[in-house]
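Source file: work.cif (mmCIF, C-alpha atoms)
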```cif
data_target
#
loop_
_atom_site.label_atom_id
_atom_site.label_comp_id
_atom_site.auth_asym_id
_atom_site.auth_seq_id
_atom_site.Cartn_x
_atom_site.Cartn_y
_atom_site.Cartn_z
CA MET A 1 95.81 161.73 121.04
CA ASN A 2 92.64 160.32 119.45
CA THR A 3 94.69 157.71 117.62
CA TRP A 4 96.34 156.61 120.87
CA LEU A 5 92.94 156.35 122.58
CA LEU A 6 90.96 154.69 119.79
CA ARG A 7 93.57 153.14 117.48
CA PRO A 8 96.60 152.43 119.71
CA PHE A 9 97.36 149.29 117.73
CA THR A 10 98.58 151.47 114.88
CA TYR A 11 101.64 151.90 117.11
CA ILE A 12 101.72 148.85 119.38
CA ALA A 13 100.97 145.19 118.64
CA GLY A 14 102.56 141.75 118.90
CA SER A 15 104.53 140.66 121.94
CA LYS A 16 104.86 144.21 123.33
CA ALA A 17 101.06 144.59 123.37
CA LEU A 18 100.67 141.08 124.80
CA LEU A 19 103.02 141.66 127.76
CA THR A 20 101.50 145.10 128.48
CA GLY A 21 97.99 143.67 128.15
CA TRP A 22 98.78 140.74 130.46
CA ALA A 23 100.29 143.10 133.05
CA ILE A 24 97.15 145.27 133.00
CA MET A 25 94.95 142.14 133.14
CA LEU A 26 96.88 140.99 136.23
CA ILE A 27 96.45 144.38 137.95
CA THR A 28 92.77 144.43 136.92
CA SER A 29 92.18 140.98 138.45
CA VAL A 30 93.69 142.15 141.78
CA VAL A 31 91.56 145.33 141.76
CA ALA A 32 88.52 143.25 140.73
CA TYR A 33 89.13 140.88 143.66
CA PHE A 34 88.99 143.79 146.13
CA SER A 35 86.05 145.57 144.42
CA LYS A 36 84.27 142.17 143.97
CA THR A 37 83.94 142.76 140.23
CA HIS A 38 83.47 139.70 138.03
CA PHE A 39 84.43 139.91 134.37
CA ASP A 40 82.66 136.61 133.80
CA GLY A 41 82.35 136.65 130.02
CA ALA A 42 83.98 138.14 126.96
CA ILE A 43 82.24 141.48 127.57
CA ASP A 44 80.67 141.04 131.03
CA ALA A 45 81.13 142.95 134.27
CA HIS A 46 79.13 142.28 137.43
CA VAL A 47 79.52 143.12 141.10
CA GLY A 48 79.09 140.03 143.26
CA ALA A 49 78.37 139.97 146.98
CA THR A 50 79.98 136.54 147.46
CA VAL A 51 83.68 136.53 148.20
CA LEU A 52 85.51 134.04 145.97
CA PRO A 53 89.19 133.02 145.90
CA TYR A 54 91.52 135.38 143.97
CA PHE A 55 92.40 132.81 141.30
CA ILE A 56 88.77 132.88 140.09
CA TYR A 57 89.10 136.59 139.21
CA LEU A 58 92.33 135.90 137.33
CA LEU A 59 90.86 132.87 135.53
CA GLU A 60 87.81 134.92 134.50
CA ALA A 61 90.07 137.42 132.77
CA LEU A 62 92.17 134.72 131.10
CA ILE A 63 89.16 132.69 129.90
CA ALA A 64 87.34 135.79 128.57
CA TRP A 65 90.47 136.96 126.72
CA GLY A 66 91.39 133.44 125.51
CA CYS A 67 87.92 132.80 124.09
CA MET A 68 87.97 136.15 122.28
CA VAL A 69 91.41 135.39 120.81
CA LEU A 70 90.33 131.93 119.60
CA ALA A 71 87.04 133.24 118.13
CA CYS A 72 88.81 136.10 116.30
CA TYR A 73 91.60 133.79 115.09
CA ALA A 74 89.06 131.30 113.72
CA ALA A 75 87.10 134.13 112.05
CA ALA A 76 90.30 135.53 110.52
CA ALA A 77 91.35 132.06 109.31
CA ILE A 78 88.05 131.81 107.44
CA PHE A 79 87.58 135.37 106.16
CA ALA A 80 90.95 137.18 106.02
CA ARG A 81 92.40 137.48 102.53
CA THR A 82 95.90 138.38 103.70
CA SER A 83 98.30 136.78 106.16
CA PHE A 84 98.00 137.55 109.87
CA ARG A 85 99.77 136.51 113.09
CA LEU A 86 98.27 134.94 116.22
CA ILE A 87 100.61 137.06 118.37
CA ASP A 88 99.05 140.26 116.94
CA ILE A 89 95.48 139.07 117.61
CA ALA A 90 96.42 137.85 121.12
CA GLY A 91 98.45 140.95 121.98
CA THR A 92 96.08 143.62 120.72
CA LEU A 93 93.04 141.88 122.25
CA ALA A 94 94.86 141.65 125.61
CA LEU A 95 95.60 145.38 125.54
CA ALA A 96 92.06 146.15 124.37
CA ARG A 97 90.81 144.88 127.74
CA ALA A 98 92.70 147.66 129.59
CA PRO A 99 89.52 149.80 130.12
CA LEU A 100 88.23 147.04 132.42
CA LEU A 101 90.69 148.34 135.02
CA LEU A 102 88.61 151.55 135.16
CA ILE A 103 85.41 149.49 135.57
CA ALA A 104 87.02 147.51 138.42
CA LEU A 105 88.01 150.79 140.11
CA ILE A 106 84.57 152.39 139.61
CA ASN A 107 82.98 149.28 141.13
CA PHE A 108 84.53 150.07 144.55
CA ALA A 109 81.60 152.51 144.79
CA MET A 110 79.06 150.09 143.30
CA PRO A 111 76.89 148.19 145.82
CA ALA A 112 76.22 144.52 145.04
CA THR A 113 72.57 144.55 143.91
CA VAL A 114 70.76 141.25 143.61
CA ASP A 115 67.16 142.51 143.85
CA PRO A 116 66.22 144.69 140.81
CA THR A 117 63.75 146.68 142.98
CA ALA A 118 66.62 147.70 145.28
CA ILE A 119 68.45 149.61 142.51
CA ASN A 120 69.08 153.16 143.76
CA PRO A 121 70.12 156.32 141.83
CA MET A 122 73.77 155.72 142.82
CA VAL A 123 73.76 152.37 140.97
CA ILE A 124 72.23 154.00 137.87
CA VAL A 125 74.78 156.85 137.89
CA LEU A 126 77.69 154.41 138.23
CA ALA A 127 76.25 152.18 135.49
CA LEU A 128 76.04 155.25 133.21
CA VAL A 129 79.66 156.11 134.03
CA CYS A 130 80.70 152.54 133.13
CA LEU A 131 78.82 152.57 129.81
CA PRO A 132 81.27 154.78 127.81
CA VAL A 133 84.16 152.76 129.24
CA PHE A 134 82.54 149.59 127.86
CA VAL A 135 81.96 151.29 124.50
CA TRP A 136 85.64 152.31 124.50
CA MET A 137 86.65 148.70 125.18
CA LEU A 138 84.44 147.46 122.33
CA VAL A 139 85.97 150.03 119.95
CA LEU A 140 89.45 148.90 121.01
CA MET A 141 88.53 145.23 120.56
CA TYR A 142 87.21 145.93 117.06
CA GLN A 143 90.32 147.93 116.17
CA ALA A 144 92.47 145.07 117.53
CA PHE A 145 90.63 142.62 115.28
CA SER A 146 90.64 144.92 112.24
CA ILE A 147 94.33 145.89 112.40
CA SER A 148 95.52 142.35 113.21
CA THR A 149 93.62 140.76 110.32
CA ASN A 150 93.43 143.66 107.79
CA LEU A 151 89.65 143.23 107.60
CA LYS A 152 87.76 146.51 107.12
CA GLY A 153 84.30 147.95 106.56
CA THR A 154 80.87 146.45 107.12
CA LYS A 155 82.11 142.91 106.52
CA ALA A 156 84.69 143.27 109.31
CA VAL A 157 82.08 144.67 111.72
CA ILE A 158 79.69 141.75 111.08
CA ILE A 159 82.47 139.15 111.44
CA PHE A 160 83.70 140.84 114.65
CA ILE A 161 80.20 140.89 116.20
CA ALA A 162 79.76 137.19 115.34
CA ALA A 163 83.15 136.36 116.90
CA LEU A 164 82.26 138.40 119.97
CA LEU A 165 78.97 136.53 120.44
CA VAL A 166 80.70 133.14 120.01
CA ALA A 167 83.39 134.16 122.54
CA GLU A 168 80.74 135.36 125.00
CA VAL A 169 78.78 132.08 124.82
CA VAL A 170 81.87 129.84 124.98
CA SER A 171 83.41 131.77 127.90
CA LYS A 172 80.11 131.69 129.83
CA VAL A 173 79.76 127.93 129.29
CA LEU A 174 83.40 127.29 130.28
CA MET A 175 83.08 129.33 133.49
CA HIS A 176 79.71 127.76 134.33
CA PHE A 177 81.06 124.23 134.18
CA THR A 178 84.64 124.63 135.46
CA PHE A 179 84.36 127.13 138.32
CA PRO A 180 82.04 125.05 140.56
CA LEU A 181 84.52 122.17 140.29
CA MET A 182 87.44 124.40 141.31
CA ILE A 183 85.69 126.10 144.21
CA SER A 184 84.12 122.94 145.75
CA MET B 1 108.00 181.98 96.60
CA LYS B 2 108.05 178.30 97.53
CA PRO B 3 108.67 175.88 94.63
CA ILE B 4 105.55 173.84 93.90
CA LYS B 5 106.03 170.09 94.26
CA LYS B 6 104.39 168.63 91.18
CA SER B 7 102.93 165.14 91.30
CA LEU B 8 102.75 162.92 88.23
CA PRO B 9 99.15 162.78 86.95
CA LEU B 10 98.19 159.12 86.51
CA SER B 11 94.70 159.29 85.04
CA CYS B 12 92.93 161.53 82.55
CA PRO B 13 91.10 164.39 84.34
CA SER B 14 88.38 164.14 81.69
CA CYS B 15 87.57 160.42 81.42
CA ALA B 16 89.76 158.88 84.21
CA SER B 17 91.54 156.54 81.75
CA PRO B 18 95.23 155.78 82.48
CA LEU B 19 97.56 158.34 80.91
CA LYS B 20 100.49 157.51 78.60
CA VAL B 21 103.78 159.37 78.15
CA THR B 22 103.87 161.04 74.73
CA SER B 23 106.82 163.37 75.18
CA LEU B 24 110.16 163.28 77.00
CA ALA B 25 112.59 166.18 77.05
CA CYS B 26 116.28 166.66 77.84
CA GLU B 27 116.74 169.84 79.86
CA ALA B 28 120.45 170.02 78.98
CA CYS B 29 120.18 170.21 75.18
CA ASP B 30 116.46 170.77 74.63
CA THR B 31 116.02 167.52 72.73
CA THR B 32 112.45 166.25 72.74
CA VAL B 33 111.45 162.64 72.17
CA SER B 34 107.90 162.01 71.08
CA GLY B 35 105.99 158.76 70.95
CA SER B 36 103.59 156.73 73.02
CA PHE B 37 105.13 155.10 76.06
CA GLU B 38 103.46 153.12 78.85
CA LEU B 39 104.17 154.30 82.39
CA PRO B 40 106.05 151.64 84.37
CA LEU B 41 103.85 149.75 86.85
CA LEU B 42 105.44 151.29 89.95
CA ALA B 43 105.13 154.80 88.47
CA ARG B 44 101.36 154.28 88.45
CA LEU B 45 101.28 154.08 92.26
CA SER B 46 100.47 157.17 94.31
CA ALA B 47 103.42 159.15 95.68
CA ASP B 48 102.84 157.79 99.21
CA ASP B 49 102.61 154.19 98.03
CA LEU B 50 105.71 154.58 95.89
CA GLN B 51 107.64 156.03 98.85
CA PHE B 52 106.51 153.03 100.94
CA VAL B 53 107.82 150.63 98.27
CA ILE B 54 111.17 152.51 98.17
CA ASP B 55 111.43 152.36 102.00
CA PHE B 56 110.54 148.66 101.88
CA VAL B 57 113.33 147.89 99.40
CA LYS B 58 115.79 150.05 101.35
CA SER B 59 115.05 148.09 104.52
CA SER B 60 115.85 144.85 102.64
CA GLY B 61 112.21 143.83 102.66
CA SER B 62 112.06 143.65 106.46
CA LEU B 63 108.64 144.80 107.66
CA LYS B 64 109.85 144.58 111.27
CA LEU B 65 112.67 147.01 110.53
CA MET B 66 110.29 149.31 108.65
CA ALA B 67 107.82 149.27 111.53
CA GLN B 68 110.64 150.26 113.91
CA GLN B 69 111.82 153.06 111.62
CA LEU B 70 108.32 154.44 111.06
CA GLY B 71 107.28 154.07 114.72
CA LEU B 72 104.29 151.94 113.71
CA SER B 73 103.19 148.45 114.70
CA TYR B 74 104.07 145.45 112.54
CA PRO B 75 100.46 144.68 111.43
CA THR B 76 99.91 148.35 110.46
CA VAL B 77 102.93 148.24 108.13
CA ARG B 78 102.02 144.77 106.81
CA ASN B 79 98.43 145.94 106.12
CA ARG B 80 99.81 148.90 104.16
CA LEU B 81 101.93 146.52 102.08
CA ASP B 82 98.93 144.21 101.52
CA ASP B 83 96.87 147.20 100.34
CA ILE B 84 99.64 148.22 97.91
CA ILE B 85 99.82 144.63 96.60
CA ALA B 86 96.04 144.70 96.04
CA ASN B 87 96.42 148.06 94.28
CA ILE B 88 99.21 146.70 92.02
CA GLU B 89 97.05 143.68 91.12
CA LYS B 90 94.20 146.05 90.25
CA ILE B 91 96.49 148.15 88.03
CA GLU B 92 97.82 145.00 86.30
CA LYS B 93 94.25 143.86 85.66
CA ASN B 94 93.41 147.28 84.20
CA ILE B 95 96.46 147.16 81.91
CA LYS B 96 95.45 143.72 80.59
CA THR B 97 91.78 144.64 80.10
CA PRO B 98 91.61 148.38 79.33
#
```
How does the structure come out when it is put into structure tokens?
Amino acid sequence: MNTWLLRPFTYIAGSKALLTGWAIMLITSVVAYFSKTHFDGAIDAHVGATVLPYFIYLLEALIAWGCMVLACYAAAAIFARTSFRLIDIAGTLALARAPLLLIALINFAMPATVDPTAINPMVIVLALVCLPVFVWMLVLMYQAFSISTNLKGTKAVIIFIAALLVAEVVSKVLMHFTFPLMIS
Amino acid sequence: MKPIKKSLPLSCPSCASPLKVTSLACEACDTTVSGSFELPLLARLSADDLQFVIDFVKSSGSLKLMAQQLGLSYPTVRNRLDDIIANIEKIEKNIKTP
């Protein structure tokens, strides 16, 4: 049970993981559209008051995932000592984003808070509920990277964190510059 | 009483150096051969690793087929093979420079 929750990629990877991951990403984007949840970064989740077209929610998911895949692939190309496949990195990282569906569902109860002084206990409780889900997603993303590239130990953790930061910055920049053009 | 499954000891319990075969016996006629023989490279692998190598050969070297048979993902099986390759290289290095 623990292996399925924390190391599912021991059993599923490649195209099977990619198709399952994409299907969950598609469902997540629909739920996110209705709960106004933006996954606007490799590891971001925000509730926005502004209603945006559905394709923005789908693009957010695809850009965040795509940036993570490219960052991990580049890191593996530099540091991995053994052969690895892009389909494994892409597939496992797609499936690793599955916990975001839970965040999108939880956010139906989350009010859109712009003013930090207006944060009420409900927001704090929901944020605390979301925290372990995010940690779960990070564990899954690391496992996806580790199993797909056969990198282990402290070295793998450092490389993964670096790739995550690169993916976060690149995805943020991409969304910042492309979304205004698409919406206007 | 259940028969005990013995595993081949690979290193000296006292100093951890690789062990050699000094005696071989025929159970049919009680003949004993003595000498100093090196263990074959594959015999130096752990029982699990050796079983993996046997399964790998039996599946004609297809990791995809092995993954299907073992119910594991392709990268998990490939990583296991990569680890065994690294282990074999380590053993070879140890044989050359004892």
With all atoms listed in the file as the counted atoms, please give the residues lying no more than 8 Å from stretch 12-28 of chain B, apart from itself and same-chain residues fewer than 6 positions off, as an mmCIF file with C-alpha atoms, in the frame of the given file.
```
data_model
loop_
_atom_site.group_PDB
_atom_site.id
_atom_site.type_symbol
_atom_site.label_atom_id
_atom_site.label_comp_id
_atom_site.auth_asym_id
_atom_site.auth_seq_id
_atom_site.Cartn_x
_atom_site.Cartn_y
_atom_site.Cartn_z
ATOM 1 C CA SER B 34 107.900 162.010 71.080
ATOM 2 C CA GLY B 35 105.990 158.760 70.950
ATOM 3 C CA SER B 36 103.590 156.730 73.020
ATOM 4 C CA PHE B 37 105.130 155.100 76.060
ATOM 5 C CA GLU B 38 103.460 153.120 78.850
ATOM 6 C CA LEU B 39 104.170 154.300 82.390
#
```
Q: Run through the PyMOL selection byres ((chain A) within 8 of (chain B)) on the given coordinates and return the selected residues as a PyMOL selection string.
A: chain A and resi 9-14+82+84+88+147-150
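The closest residue to A:Ile89, picked from A:Leu52, A:Ala144, A:Ala74, A:Ala167 and counting only C-alpha atoms, is A:Ala144.
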Q.
What's the separation between atom CA of A:Leu174 and atom CA of A:Val157, in Å to one decimal place?
A.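 Separating atom CA of A:Leu174 from atom CA of A:Val157 is a distance of 25.5 Å.
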(Q) Can you measure atom CA of A:Ala156 to atom CA of A:Leu101 for me? One decimal in Å is fine. (A)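 Pair atom CA of A:Ala156 / atom CA of A:Leu101 returns 26.9 Å.
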